[in-house]
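Presented below is the structure to which this report refers.
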Amino acid sequence: MNRFVPDENFLARWTSGELSEAELAEWKASPDYVEYMRILDTSSALELPATREPADIWNELSAKLTEAPVVKMDAPVRRFVLPRWSYAAVAAVALLFALFVFIPDTSTHQTLAAQTETVTLPDGSVVHMHAGSTVSFSDDWDGNRTVNLAGEAFFEVKKGEKFTVITPRGKVEVLGTSFNVKARSKSFKTTCYTGKVRVSSLNDASEQILTPGLVAALDENGSLNKLELDLDGTSPEWMKGKYRFRNDPLSDIASEFERIFDVNIDLEIDNDRISRKYNYTVLSNDLKTELENLTKVIGGTKIVYDAERQIRILPTP
């Protein structure tokens with residue numbers, strides 16, 4: 001029997017269903033088709049636990065290829081030799097198999113409004129997640145201590161290889177320390193509590209080195225500035241139920257209120273007061289008390305409760 005001789009785009013056309021009926025019939029009648037399908041069937045039959053050593057995976061693949069049943073043909077028995085084009089086919093199968101096996105799984109944790117969570121990473125480091133936050137990391141932790149963060153979290157990092165936190169606007173690199181990262185909307189702020197932290201901006205590649213009591217924050221122009229802060233203890237205040245706003249716009253304060261108390265707040269006041277910056281500290285879990293105190297700081301405003309969790313802040317007559 002003569003071998004089927006495909007063109008160089010044959011595999012792509014076959015997998016996408018673009019072969020003509022005549023081409024497909026000729027391909028299925030070819031002995032190369034039987035061998036190719038044997039490779040595919042063997043690959044799909046492998047059991048793939050979440051964590052495998054590459055050597056073990058390859059040994060299992062080799063054994064199954066060797067032990068796979070031979071399909072009897074009417075034609076005389078002959079030694080199977082891959083045609084030149086089939087080496088690309090086998091390489092493609094091997095590549096897909098490798099991608100399936102070796103791309104590590106990812107763990108993702110998410111907190112809702114008025115909810116916090118503590119996550120222990122594979123190396124024993126701990127992430128304390130604030131409300132309305134998401135963290136994700138690869139389960140293949142060795143040599144890749146990287147966490148993706150959207151929101152706010154306090155990290156207690158075990159000493160070891162470099163540990164990296166990546167956010168949409170900047171990243172933080174440490175060896176072993178504790179620090180808080182806040183990455184919400186356009187803001188990016190890192191506070192160092194122990195050890196040493198390297199903070200860099202993704203916008204302009206600026207960098208700051210932090211020691212305990214120092215903060216790196218993006219300004220309105222996207223530049224990373226270093227500030228000094230009088231820390232209250234060795235962990236952020238939000239973990240103790242205390243929320244301090246320092247020179248923050250009312251829009252950010254209202255958003256934080258929504259996360260802390262699981263409510264919706266509409267600011268129906270002039271833009272000047274919404275963008276103006278205020279100092280305020282939430283000291284209790286009583287929403288009404290805290291909102292009343294906040295309106296006194298803003299001045300000339302009142303609160304309307306349309307529903308249990310729907311609130312409007314309006315100007316007073």
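Each chain in the structure tokens gets a letter, A, B and so on, in the order shown; residues start at 1 in every chain, and ligands are counted from 1 in the order they appear.
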
Inset, instruction - Find the residues around Ser125 of chain A up to 7 Å (only C-alpha atoms counted), leave out those fewer than 3 positions away in its own chain, and share them as an MDAnalysis selection string. - result: chainID A and resid 120:121 156:158

Inset, instruction - Write out as a ChimeraX atom specification all residues of segment 221-291 of chain A that DSSP puts in strand (DSSP E) for this structure's backbone. - result: /A:224-228,243-249,264-267,277-282

Counting only C-alpha atoms, which residues of segment 151-200 of chain A fall within 7 Å of segment 208-223 of chain A, and what is the closest atom pair for each with its distance in Å at one decimal, ordered by chain and rising number, as a tab-separated table?
```
residue	atom	partner	partner_atom	distance
A:Ser187	CA	A:Leu218	CA	6.5
A:Phe188	CA	A:Leu218	CA	5.7
A:Lys189	CA	A:Ala217	CA	4.3
A:Thr190	CA	A:Ala216	CA	5.3
A:Thr191	CA	A:Val215	CA	4.5
A:Cys192	CA	A:Pro212	CA	4.9
A:Tyr193	CA	A:Pro212	CA	4.6
A:Thr194	CA	A:Pro212	CA	5.2
A:Gly195	CA	A:Thr211	CA	6.2
A:Lys196	CA	A:Thr211	CA	4.8
A:Val197	CA	A:Leu210	CA	5.0
A:Arg198	CA	A:Ile209	CA	4.6
A:Val199	CA	A:Gln208	CA	5.2
A:Ser200	CA	A:Gln208	CA	6.4
```

Could the residues in this selection be saved with N, CA and C atoms as a compact mmCIF listing (two decimals), in the first residue's frame?
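Dumped everything to part37.txt:
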```txt
# COMPACT_ATOMS: atom_id res chain seq x y z
N SER A 187 -5.28 53.31 42.73
CA SER A 187 -4.35 53.45 43.84
C SER A 187 -3.44 52.24 43.97
N PHE A 188 -2.25 52.49 44.49
CA PHE A 188 -1.29 51.42 44.78
C PHE A 188 -0.43 51.91 45.94
N LYS A 189 -0.51 51.20 47.06
CA LYS A 189 0.20 51.63 48.27
C LYS A 189 0.74 50.40 49.01
N THR A 190 1.99 50.48 49.42
CA THR A 190 2.62 49.39 50.17
C THR A 190 3.21 49.94 51.46
N THR A 191 2.92 49.27 52.58
CA THR A 191 3.43 49.67 53.88
C THR A 191 4.29 48.54 54.44
N CYS A 192 5.51 48.85 54.86
CA CYS A 192 6.40 47.85 55.41
C CYS A 192 6.29 47.83 56.93
N TYR A 193 6.11 46.64 57.51
CA TYR A 193 6.00 46.49 58.96
C TYR A 193 7.26 45.87 59.57
N THR A 194 7.84 44.90 58.88
CA THR A 194 9.10 44.33 59.34
C THR A 194 9.96 44.01 58.11
N GLY A 195 11.27 43.92 58.33
CA GLY A 195 12.16 43.56 57.23
C GLY A 195 12.36 44.67 56.23
N LYS A 196 12.53 44.30 54.97
CA LYS A 196 12.79 45.27 53.90
C LYS A 196 11.99 44.87 52.66
N VAL A 197 11.45 45.89 51.98
CA VAL A 197 10.57 45.65 50.84
C VAL A 197 11.03 46.51 49.66
N ARG A 198 11.06 45.93 48.48
CA ARG A 198 11.33 46.69 47.25
C ARG A 198 10.01 46.85 46.50
N VAL A 199 9.62 48.09 46.22
CA VAL A 199 8.36 48.38 45.55
C VAL A 199 8.66 49.07 44.23
N SER A 200 8.02 48.63 43.16
CA SER A 200 8.24 49.26 41.86
C SER A 200 6.92 49.52 41.17
```

Inset, instruction - Just give me the gap between atom CA of Leu202 of chain A and atom CA of Thr108 of chain A in Å, one decimal is fine. - result: 22.7 Å

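For Leu291 of chain A, the residues within 12 Å (counting only C-alpha atoms, excluding itself and residues fewer than 6 positions away along the chain) are Ile253, Ala254, Phe257, Glu258, Phe261, Val263, Ile265, Tyr280, Thr281, Val282, Leu283, Ser284, Asn285, Val297, Ile298, Thr301, Lys302, Ile303, Val304, Tyr305, Ile311, Arg312 and Ile313 of chain A.
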
Go ahead and save the picked residues with N, CA, C and O atoms, as a PDB file, in the first residue's frame.
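Once everything was written out, this is part.pdb:
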```
ATOM      1  N   ILE A 253     -13.102  57.004  50.264  1.00  0.00           N
ATOM      2  CA  ILE A 253     -13.629  56.686  51.596  1.00  0.00           C
ATOM      3  C   ILE A 253     -14.989  55.994  51.468  1.00  0.00           C
ATOM      4  O   ILE A 253     -15.255  54.995  52.155  1.00  0.00           O
ATOM      5  N   ALA A 254     -15.837  56.504  50.586  1.00  0.00           N
ATOM      6  CA  ALA A 254     -17.156  55.896  50.391  1.00  0.00           C
ATOM      7  C   ALA A 254     -17.025  54.469  49.867  1.00  0.00           C
ATOM      8  O   ALA A 254     -17.759  53.563  50.295  1.00  0.00           O
ATOM      9  N   PHE A 257     -16.123  52.283  52.737  1.00  0.00           N
ATOM     10  CA  PHE A 257     -17.305  52.058  53.570  1.00  0.00           C
ATOM     11  C   PHE A 257     -18.159  50.935  52.977  1.00  0.00           C
ATOM     12  O   PHE A 257     -18.696  50.100  53.699  1.00  0.00           O
ATOM     13  N   GLU A 258     -18.309  50.950  51.661  1.00  0.00           N
ATOM     14  CA  GLU A 258     -19.114  49.922  51.000  1.00  0.00           C
ATOM     15  C   GLU A 258     -18.527  48.531  51.225  1.00  0.00           C
ATOM     16  O   GLU A 258     -19.263  47.568  51.451  1.00  0.00           O
ATOM     17  N   PHE A 261     -18.834  47.640  55.241  1.00  0.00           N
ATOM     18  CA  PHE A 261     -20.179  47.424  55.788  1.00  0.00           C
ATOM     19  C   PHE A 261     -21.146  46.726  54.829  1.00  0.00           C
ATOM     20  O   PHE A 261     -22.305  46.506  55.184  1.00  0.00           O
ATOM     21  N   VAL A 263     -22.599  47.766  51.887  1.00  0.00           N
ATOM     22  CA  VAL A 263     -23.696  48.663  51.529  1.00  0.00           C
ATOM     23  C   VAL A 263     -23.378  49.336  50.196  1.00  0.00           C
ATOM     24  O   VAL A 263     -22.260  49.211  49.681  1.00  0.00           O
ATOM     25  N   ILE A 265     -23.415  53.164  48.505  1.00  0.00           N
ATOM     26  CA  ILE A 265     -23.478  54.576  48.869  1.00  0.00           C
ATOM     27  C   ILE A 265     -23.427  55.436  47.607  1.00  0.00           C
ATOM     28  O   ILE A 265     -22.483  55.327  46.812  1.00  0.00           O
ATOM     29  N   TYR A 280     -10.146  60.775  58.361  1.00  0.00           N
ATOM     30  CA  TYR A 280     -11.232  60.202  59.148  1.00  0.00           C
ATOM     31  C   TYR A 280     -10.822  58.796  59.590  1.00  0.00           C
ATOM     32  O   TYR A 280     -10.116  58.073  58.873  1.00  0.00           O
ATOM     33  N   THR A 281     -11.291  58.398  60.787  1.00  0.00           N
ATOM     34  CA  THR A 281     -10.984  57.075  61.313  1.00  0.00           C
ATOM     35  C   THR A 281     -12.265  56.371  61.738  1.00  0.00           C
ATOM     36  O   THR A 281     -13.046  56.909  62.532  1.00  0.00           O
ATOM     37  N   VAL A 282     -12.499  55.189  61.189  1.00  0.00           N
ATOM     38  CA  VAL A 282     -13.628  54.356  61.581  1.00  0.00           C
ATOM     39  C   VAL A 282     -13.222  53.570  62.824  1.00  0.00           C
ATOM     40  O   VAL A 282     -12.271  52.779  62.791  1.00  0.00           O
ATOM     41  N   LEU A 283     -13.954  53.781  63.917  1.00  0.00           N
ATOM     42  CA  LEU A 283     -13.578  53.163  65.183  1.00  0.00           C
ATOM     43  C   LEU A 283     -14.555  52.091  65.652  1.00  0.00           C
ATOM     44  O   LEU A 283     -14.300  51.404  66.645  1.00  0.00           O
ATOM     45  N   SER A 284     -15.694  51.945  64.961  1.00  0.00           N
ATOM     46  CA  SER A 284     -16.694  50.975  65.412  1.00  0.00           C
ATOM     47  C   SER A 284     -17.274  50.239  64.211  1.00  0.00           C
ATOM     48  O   SER A 284     -17.010  50.586  63.059  1.00  0.00           O
ATOM     49  N   ASN A 285     -18.114  49.240  64.504  1.00  0.00           N
ATOM     50  CA  ASN A 285     -18.802  48.518  63.431  1.00  0.00           C
ATOM     51  C   ASN A 285     -20.252  48.970  63.307  1.00  0.00           C
ATOM     52  O   ASN A 285     -21.077  48.278  62.704  1.00  0.00           O
ATOM     53  N   VAL A 297     -17.673  65.582  59.209  1.00  0.00           N
ATOM     54  CA  VAL A 297     -16.347  65.928  58.672  1.00  0.00           C
ATOM     55  C   VAL A 297     -16.487  66.569  57.297  1.00  0.00           C
ATOM     56  O   VAL A 297     -15.805  67.550  56.975  1.00  0.00           O
ATOM     57  N   ILE A 298     -17.394  66.028  56.487  1.00  0.00           N
ATOM     58  CA  ILE A 298     -17.604  66.586  55.143  1.00  0.00           C
ATOM     59  C   ILE A 298     -18.208  67.975  55.244  1.00  0.00           C
ATOM     60  O   ILE A 298     -17.787  68.917  54.579  1.00  0.00           O
ATOM     61  N   THR A 301     -23.899  68.133  54.695  1.00  0.00           N
ATOM     62  CA  THR A 301     -24.494  66.953  54.064  1.00  0.00           C
ATOM     63  C   THR A 301     -25.392  66.212  55.039  1.00  0.00           C
ATOM     64  O   THR A 301     -25.296  66.386  56.254  1.00  0.00           O
ATOM     65  N   LYS A 302     -26.269  65.371  54.478  1.00  0.00           N
ATOM     66  CA  LYS A 302     -27.148  64.544  55.289  1.00  0.00           C
ATOM     67  C   LYS A 302     -27.247  63.156  54.672  1.00  0.00           C
ATOM     68  O   LYS A 302     -26.864  62.949  53.513  1.00  0.00           O
ATOM     69  N   ILE A 303     -27.771  62.221  55.448  1.00  0.00           N
ATOM     70  CA  ILE A 303     -27.858  60.826  55.002  1.00  0.00           C
ATOM     71  C   ILE A 303     -29.315  60.436  54.814  1.00  0.00           C
ATOM     72  O   ILE A 303     -30.178  60.750  55.635  1.00  0.00           O
ATOM     73  N   VAL A 304     -29.601  59.755  53.718  1.00  0.00           N
ATOM     74  CA  VAL A 304     -30.927  59.213  53.450  1.00  0.00           C
ATOM     75  C   VAL A 304     -30.792  57.710  53.241  1.00  0.00           C
ATOM     76  O   VAL A 304     -29.992  57.261  52.407  1.00  0.00           O
ATOM     77  N   TYR A 305     -31.565  56.926  54.004  1.00  0.00           N
ATOM     78  CA  TYR A 305     -31.539  55.475  53.877  1.00  0.00           C
ATOM     79  C   TYR A 305     -32.729  55.047  53.025  1.00  0.00           C
ATOM     80  O   TYR A 305     -33.864  55.004  53.489  1.00  0.00           O
ATOM     81  N   ILE A 311     -27.847  53.650  50.443  1.00  0.00           N
ATOM     82  CA  ILE A 311     -27.679  54.908  51.176  1.00  0.00           C
ATOM     83  C   ILE A 311     -27.318  56.027  50.211  1.00  0.00           C
ATOM     84  O   ILE A 311     -26.559  55.830  49.258  1.00  0.00           O
ATOM     85  N   ARG A 312     -27.865  57.205  50.476  1.00  0.00           N
ATOM     86  CA  ARG A 312     -27.493  58.394  49.702  1.00  0.00           C
ATOM     87  C   ARG A 312     -26.959  59.474  50.642  1.00  0.00           C
ATOM     88  O   ARG A 312     -27.490  59.657  51.749  1.00  0.00           O
ATOM     89  N   ILE A 313     -25.922  60.144  50.198  1.00  0.00           N
ATOM     90  CA  ILE A 313     -25.410  61.309  50.933  1.00  0.00           C
ATOM     91  C   ILE A 313     -25.742  62.537  50.092  1.00  0.00           C
ATOM     92  O   ILE A 313     -25.291  62.683  48.958  1.00  0.00           O
TER      93      ILE A 313
END
```

So which residues touch segment 111-119 of chain A within 9 Å, counting only C-alpha atoms, skipping near sequence neighbours fewer than 5 positions away, as a CSV table (one decimal) with N, CA and C atoms, in the first residue's frame?
```
chain,number,residue,atom,x,y,z
A,125,SER,N,3.9,30.8,54.2
A,125,SER,CA,3.6,32.3,54.3
A,125,SER,C,2.1,32.5,54.4
A,126,VAL,N,1.7,33.6,55.0
A,126,VAL,CA,0.3,33.8,55.3
A,126,VAL,C,-0.2,35.1,54.6
A,127,VAL,N,-1.3,35.1,54.0
A,127,VAL,CA,-2.0,36.2,53.4
A,127,VAL,C,-3.3,36.5,54.1
A,128,HIS,N,-3.4,37.7,54.7
A,128,HIS,CA,-4.6,38.1,55.4
A,128,HIS,C,-5.4,39.0,54.4
A,129,MET,N,-6.5,38.6,53.9
A,129,MET,CA,-7.2,39.3,52.8
A,129,MET,C,-8.2,40.2,53.4
A,130,HIS,N,-8.2,41.5,53.0
A,130,HIS,CA,-9.2,42.5,53.3
A,130,HIS,C,-10.5,42.2,52.5
A,131,ALA,N,-11.6,42.8,52.8
A,131,ALA,CA,-12.8,42.7,52.1
A,131,ALA,C,-12.7,43.1,50.6
A,132,GLY,N,-13.4,42.5,49.7
A,132,GLY,CA,-13.4,42.9,48.3
A,132,GLY,C,-12.1,42.7,47.7
A,133,SER,N,-11.4,41.6,47.9
A,133,SER,CA,-10.0,41.4,47.4
A,133,SER,C,-9.9,40.0,46.8
A,134,THR,N,-8.9,39.8,45.9
A,134,THR,CA,-8.7,38.6,45.2
A,134,THR,C,-7.2,38.3,45.2
A,239,MET,N,-7.0,45.1,60.3
A,239,MET,CA,-7.1,43.7,60.8
A,239,MET,C,-7.6,43.8,62.3
A,258,GLU,N,-18.3,50.9,51.7
A,258,GLU,CA,-19.1,49.9,51.0
A,258,GLU,C,-18.5,48.5,51.2
A,259,ARG,N,-17.2,48.4,51.2
A,259,ARG,CA,-16.6,47.1,51.4
A,259,ARG,C,-16.6,46.7,52.8
A,260,ILE,N,-16.4,47.7,53.8
A,260,ILE,CA,-16.4,47.3,55.2
A,260,ILE,C,-17.8,46.9,55.7
A,261,PHE,N,-18.8,47.6,55.2
A,261,PHE,CA,-20.2,47.4,55.8
A,261,PHE,C,-21.1,46.7,54.8
A,262,ASP,N,-20.7,46.4,53.6
A,262,ASP,CA,-21.5,45.7,52.6
A,262,ASP,C,-22.8,46.5,52.3
A,263,VAL,N,-22.6,47.8,51.9
A,263,VAL,CA,-23.7,48.7,51.5
A,263,VAL,C,-23.4,49.3,50.2
```

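Closest to Asn279 of chain A among A:Ser178, A:Lys296, A:Gln310, A:Arg244 is A:Arg244, based on only C-alpha atoms.
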
Legend entry - Near-segment 162-168 of chain A list (7 Å; only C-alpha atoms; drop same-chain fewer than 4 positions) as a VMD selection string: chain A and resid 145 to 150 172 to 175 183

Got time to write the residues from that selection, all heavy atoms, as a short mmCIF file (atom, residue, chain, number, x, y, z; two decimals), in the first residue's frame?
```
data_model
loop_
_atom_site.label_atom_id
_atom_site.label_comp_id
_atom_site.auth_asym_id
_atom_site.auth_seq_id
_atom_site.Cartn_x
_atom_site.Cartn_y
_atom_site.Cartn_z
N ARG A 145 7.68 31.93 44.03
CA ARG A 145 6.85 32.48 45.12
C ARG A 145 6.26 33.80 44.64
O ARG A 145 6.73 34.89 44.96
CB ARG A 145 7.69 32.69 46.37
CG ARG A 145 8.29 31.38 46.92
CD ARG A 145 8.57 31.48 48.41
NE ARG A 145 9.43 32.58 48.80
CZ ARG A 145 9.66 32.94 50.05
NH1 ARG A 145 9.07 32.30 51.04
NH2 ARG A 145 10.48 33.94 50.34
N THR A 146 5.20 33.70 43.85
CA THR A 146 4.55 34.87 43.28
C THR A 146 3.06 34.84 43.57
O THR A 146 2.41 33.81 43.36
CB THR A 146 4.78 34.94 41.76
OG1 THR A 146 6.18 35.01 41.49
CG2 THR A 146 4.09 36.17 41.16
N VAL A 147 2.52 35.96 44.04
CA VAL A 147 1.09 36.09 44.32
C VAL A 147 0.55 37.27 43.53
O VAL A 147 1.16 38.34 43.50
CB VAL A 147 0.83 36.30 45.82
CG1 VAL A 147 -0.65 36.54 46.09
CG2 VAL A 147 1.33 35.11 46.63
N ASN A 148 -0.58 37.07 42.87
CA ASN A 148 -1.28 38.16 42.19
C ASN A 148 -2.36 38.70 43.11
O ASN A 148 -3.14 37.92 43.68
CB ASN A 148 -1.90 37.66 40.88
CG ASN A 148 -0.84 37.24 39.87
OD1 ASN A 148 -0.18 38.07 39.27
ND2 ASN A 148 -0.68 35.94 39.71
N LEU A 149 -2.42 40.03 43.23
CA LEU A 149 -3.37 40.65 44.16
C LEU A 149 -4.16 41.74 43.48
O LEU A 149 -3.61 42.59 42.77
CB LEU A 149 -2.61 41.26 45.35
CG LEU A 149 -3.41 42.20 46.26
CD1 LEU A 149 -4.48 41.44 47.03
CD2 LEU A 149 -2.49 42.96 47.21
N ALA A 150 -5.46 41.72 43.72
CA ALA A 150 -6.34 42.84 43.37
C ALA A 150 -7.14 43.14 44.63
O ALA A 150 -7.93 42.31 45.07
CB ALA A 150 -7.27 42.47 42.21
N VAL A 172 5.71 44.19 44.39
CA VAL A 172 6.45 44.23 45.65
C VAL A 172 7.32 42.98 45.72
O VAL A 172 6.84 41.88 45.47
CB VAL A 172 5.50 44.29 46.85
CG1 VAL A 172 6.28 44.40 48.15
CG2 VAL A 172 4.52 45.45 46.71
N GLU A 173 8.61 43.16 46.07
CA GLU A 173 9.52 42.03 46.17
C GLU A 173 10.19 42.02 47.54
O GLU A 173 10.68 43.04 48.01
CB GLU A 173 10.59 42.10 45.08
CG GLU A 173 10.04 42.02 43.67
CD GLU A 173 11.11 42.24 42.62
OE1 GLU A 173 11.66 43.36 42.56
OE2 GLU A 173 11.41 41.30 41.88
N VAL A 174 10.21 40.84 48.17
CA VAL A 174 10.81 40.70 49.50
C VAL A 174 11.51 39.35 49.59
O VAL A 174 11.35 38.49 48.73
CB VAL A 174 9.76 40.82 50.62
CG1 VAL A 174 9.03 42.14 50.55
CG2 VAL A 174 8.77 39.67 50.53
N LEU A 175 12.27 39.15 50.68
CA LEU A 175 12.86 37.86 50.98
C LEU A 175 12.18 37.21 52.18
O LEU A 175 11.94 36.02 52.20
CB LEU A 175 14.37 38.00 51.23
CG LEU A 175 15.19 38.41 50.00
CD1 LEU A 175 16.65 38.54 50.38
CD2 LEU A 175 15.04 37.39 48.88
N ALA A 183 -4.15 47.76 46.51
CA ALA A 183 -4.18 48.01 45.07
C ALA A 183 -5.63 48.01 44.62
O ALA A 183 -6.21 46.98 44.29
CB ALA A 183 -3.39 46.93 44.32
#
```
